[in-house]
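Down below is the structure, laid out as structure tokens.
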Amino acid sequence: MKTIKYLAAVILFVAVNTVKAAPADLHSAINNVYKSYLGIKNALATDNTKAANDEAKKFTAALKDVPVASMDAKQKAAWTKYAEKLRFDGDHISESTAIAHQREHFGTLSGNMYEVVKAFQTNDMVLYKQYCPMVKKSWLSESSAIKNPYYGKEMLGCGSTKETLQASK
């Protein structure tokens, strides 16, 4: 009898953990990537290299959870083109303690994220494409207020909104 209870407990444990480990649907998974990206942006805007490391680790983990098999042909083509580039920049941001290096990779990460957002058109929230004329680079933000991730506290308000990406319906 104890063996049966033990076996039932093990089966239940495995089943619950399998359900938790199952990949999210495409829409949720892509939005988790966007949210992780915004975490990196917000960390860099506050000059917090440690938080940028942590958020970049979440970002690369979120990339791995995207179910490619659920994509249509257009999405799959965009994902194939950008996923490795996103991972590369995410890894560099997560491994570096030099904020200049993190910001350098954030610039290319932002350009690639913009392309993914445009290709998928599944963002749950309004996103703003913002631009810093000093570094001649853009980034995505969840807020229309400028919080420059390239200069942080030094020039937090430097930049302007260039495009509004409406939330998907």
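By convention here, the chains of the structure tokens are called A, B, ... in the order presented, each chain's residues are numbered starting at 1, and ligands are numbered starting at 1 in the order presented.
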
Legend entry - All helix (DSSP H, G or I) positions in chain A, as an NGL selection string: :A and (2-21 or 26-45 or 49-64 or 68-70 or 73-95 or 99-120 or 152-155)

Using C-alpha atoms, can you export the residues from the last selection as a CSV table (one decimal), in the first residue's frame?
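Saved as again-v4.csv:
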chain,number,residue,atom,x,y,z
A,2,LYS,CA,2.8,2.4,0.8
A,3,THR,CA,4.4,1.6,-2.5
A,4,ILE,CA,1.2,2.5,-4.4
A,5,LYS,CA,0.9,5.8,-2.5
A,6,TYR,CA,4.6,6.6,-3.1
A,7,LEU,CA,4.2,5.7,-6.8
A,8,ALA,CA,1.1,7.9,-7.1
A,9,ALA,CA,2.9,10.8,-5.5
A,10,VAL,CA,5.8,10.5,-7.9
A,11,ILE,CA,3.5,10.3,-10.9
A,12,LEU,CA,1.6,13.4,-9.7
A,13,PHE,CA,4.8,15.2,-9.1
A,14,VAL,CA,6.1,14.4,-12.6
A,15,ALA,CA,2.8,15.3,-14.2
A,16,VAL,CA,2.6,18.7,-12.5
A,17,ASN,CA,6.2,19.6,-13.4
A,18,THR,CA,5.7,18.5,-17.0
A,19,VAL,CA,2.8,20.8,-17.3
A,20,LYS,CA,4.8,23.7,-15.8
A,21,ALA,CA,7.7,23.0,-18.2
A,26,LEU,CA,3.4,31.6,-29.2
A,27,HIS,CA,1.6,34.8,-28.2
A,28,SER,CA,2.5,34.5,-24.5
A,29,ALA,CA,6.1,33.4,-25.3
A,30,ILE,CA,6.8,36.3,-27.6
A,31,ASN,CA,5.4,38.8,-25.1
A,32,ASN,CA,7.6,37.3,-22.4
A,33,VAL,CA,10.6,38.1,-24.7
A,34,TYR,CA,9.3,41.7,-25.1
A,35,LYS,CA,8.9,42.1,-21.3
A,36,SER,CA,12.4,40.7,-20.7
A,37,TYR,CA,13.8,43.1,-23.3
A,38,LEU,CA,12.1,46.0,-21.5
A,39,GLY,CA,13.7,44.9,-18.2
A,40,ILE,CA,17.1,45.2,-19.8
A,41,LYS,CA,16.2,48.7,-21.2
A,42,ASN,CA,15.0,49.8,-17.8
A,43,ALA,CA,18.1,48.5,-16.0
A,44,LEU,CA,20.4,50.4,-18.5
A,45,ALA,CA,18.3,53.6,-18.1
A,49,THR,CA,24.8,46.8,-14.7
A,50,LYS,CA,23.8,44.0,-12.3
A,51,ALA,CA,20.1,44.3,-13.1
A,52,ALA,CA,21.0,44.4,-16.8
A,53,ASN,CA,22.9,41.1,-16.3
A,54,ASP,CA,19.9,39.5,-14.5
A,55,GLU,CA,17.3,40.8,-17.0
A,56,ALA,CA,19.4,39.7,-20.0
A,57,LYS,CA,19.5,36.1,-18.5
A,58,LYS,CA,15.7,36.2,-18.3
A,59,PHE,CA,15.7,37.5,-21.8
A,60,THR,CA,17.8,34.6,-23.2
A,61,ALA,CA,15.7,32.1,-21.2
A,62,ALA,CA,12.5,33.6,-22.7
A,63,LEU,CA,14.0,33.2,-26.2
A,64,LYS,CA,14.4,29.5,-25.6
A,68,VAL,CA,8.9,27.8,-33.3
A,69,ALA,CA,6.6,25.0,-34.4
A,70,SER,CA,3.6,27.3,-33.7
A,73,ALA,CA,5.8,30.9,-42.5
A,74,LYS,CA,6.3,34.7,-42.2
A,75,GLN,CA,7.0,34.5,-38.4
A,76,LYS,CA,9.3,31.5,-38.8
A,77,ALA,CA,11.3,33.4,-41.4
A,78,ALA,CA,11.7,36.4,-39.1
A,79,TRP,CA,12.5,34.3,-36.1
A,80,THR,CA,15.1,32.3,-38.1
A,81,LYS,CA,16.7,35.6,-39.1
A,82,TYR,CA,16.7,37.3,-35.7
A,83,ALA,CA,16.6,34.7,-32.9
A,84,GLU,CA,20.4,34.0,-32.9
A,85,LYS,CA,21.2,37.7,-33.1
A,86,LEU,CA,18.9,38.3,-30.1
A,87,ARG,CA,20.5,35.5,-28.1
A,88,PHE,CA,24.0,36.8,-29.0
A,89,ASP,CA,23.4,40.3,-27.7
A,90,GLY,CA,21.5,39.0,-24.7
A,91,ASP,CA,24.4,36.7,-23.7
A,92,HIS,CA,26.8,39.6,-24.1
A,93,ILE,CA,24.7,41.9,-21.9
A,94,SER,CA,24.3,39.1,-19.3
A,95,GLU,CA,28.0,38.4,-19.1
A,99,ILE,CA,27.9,49.3,-19.0
A,100,ALA,CA,29.4,50.7,-22.2
A,101,HIS,CA,29.7,47.1,-23.6
A,102,GLN,CA,26.1,46.3,-22.4
A,103,ARG,CA,24.8,49.5,-24.1
A,104,GLU,CA,26.7,48.7,-27.3
A,105,HIS,CA,25.0,45.3,-27.5
A,106,PHE,CA,21.7,46.8,-26.4
A,107,GLY,CA,21.8,49.0,-29.6
A,108,THR,CA,21.9,46.0,-31.9
A,109,LEU,CA,19.5,44.1,-29.7
A,110,SER,CA,17.0,46.9,-30.0
A,111,GLY,CA,17.2,47.1,-33.8
A,112,ASN,CA,16.6,43.3,-34.0
A,113,MET,CA,13.7,43.5,-31.4
A,114,TYR,CA,12.0,46.1,-33.4
A,115,GLU,CA,12.1,43.9,-36.5
A,116,VAL,CA,10.6,41.0,-34.5
A,117,VAL,CA,7.9,43.1,-33.0
A,118,LYS,CA,6.9,44.3,-36.5
A,119,ALA,CA,7.0,40.8,-38.0
A,120,PHE,CA,4.9,39.2,-35.2
A,152,GLY,CA,21.1,56.6,-18.3
A,153,LYS,CA,21.2,59.2,-15.5
A,154,GLU,CA,23.7,61.3,-17.5
A,155,MET,CA,21.1,62.3,-20.1

Legend entry - strand (DSSP E or B) per DSSP on the backbone: members of chain A, as a list in words: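 These are the residues in question: Leu127, Tyr128, Lys129, Gln130, Tyr131, Cys132, Lys137, Ser138, Trp139, Leu140, Ser141, Ser160, Thr161, Lys162, Glu163, Thr164 and Leu165 of chain A.
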
Legend entry - Contacts of Leu140 in chain A at 7 Å (only C-alpha atoms; same-chain gap of 5+ positions) as a ChimeraX atom specification: /A:110,127-130

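Nearest to Met125 in chain A of all the residues A:Lys169, A:Lys137, A:Lys162, A:Lys147 is A:Lys169, based on only C-alpha atoms.
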
Inset, instruction - State, in Å with one decimal place, the distance from CA of Ser138 in chain A to CA of Thr97 in chain A. - result: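 Here the two named atoms are 22.1 Å from each other.
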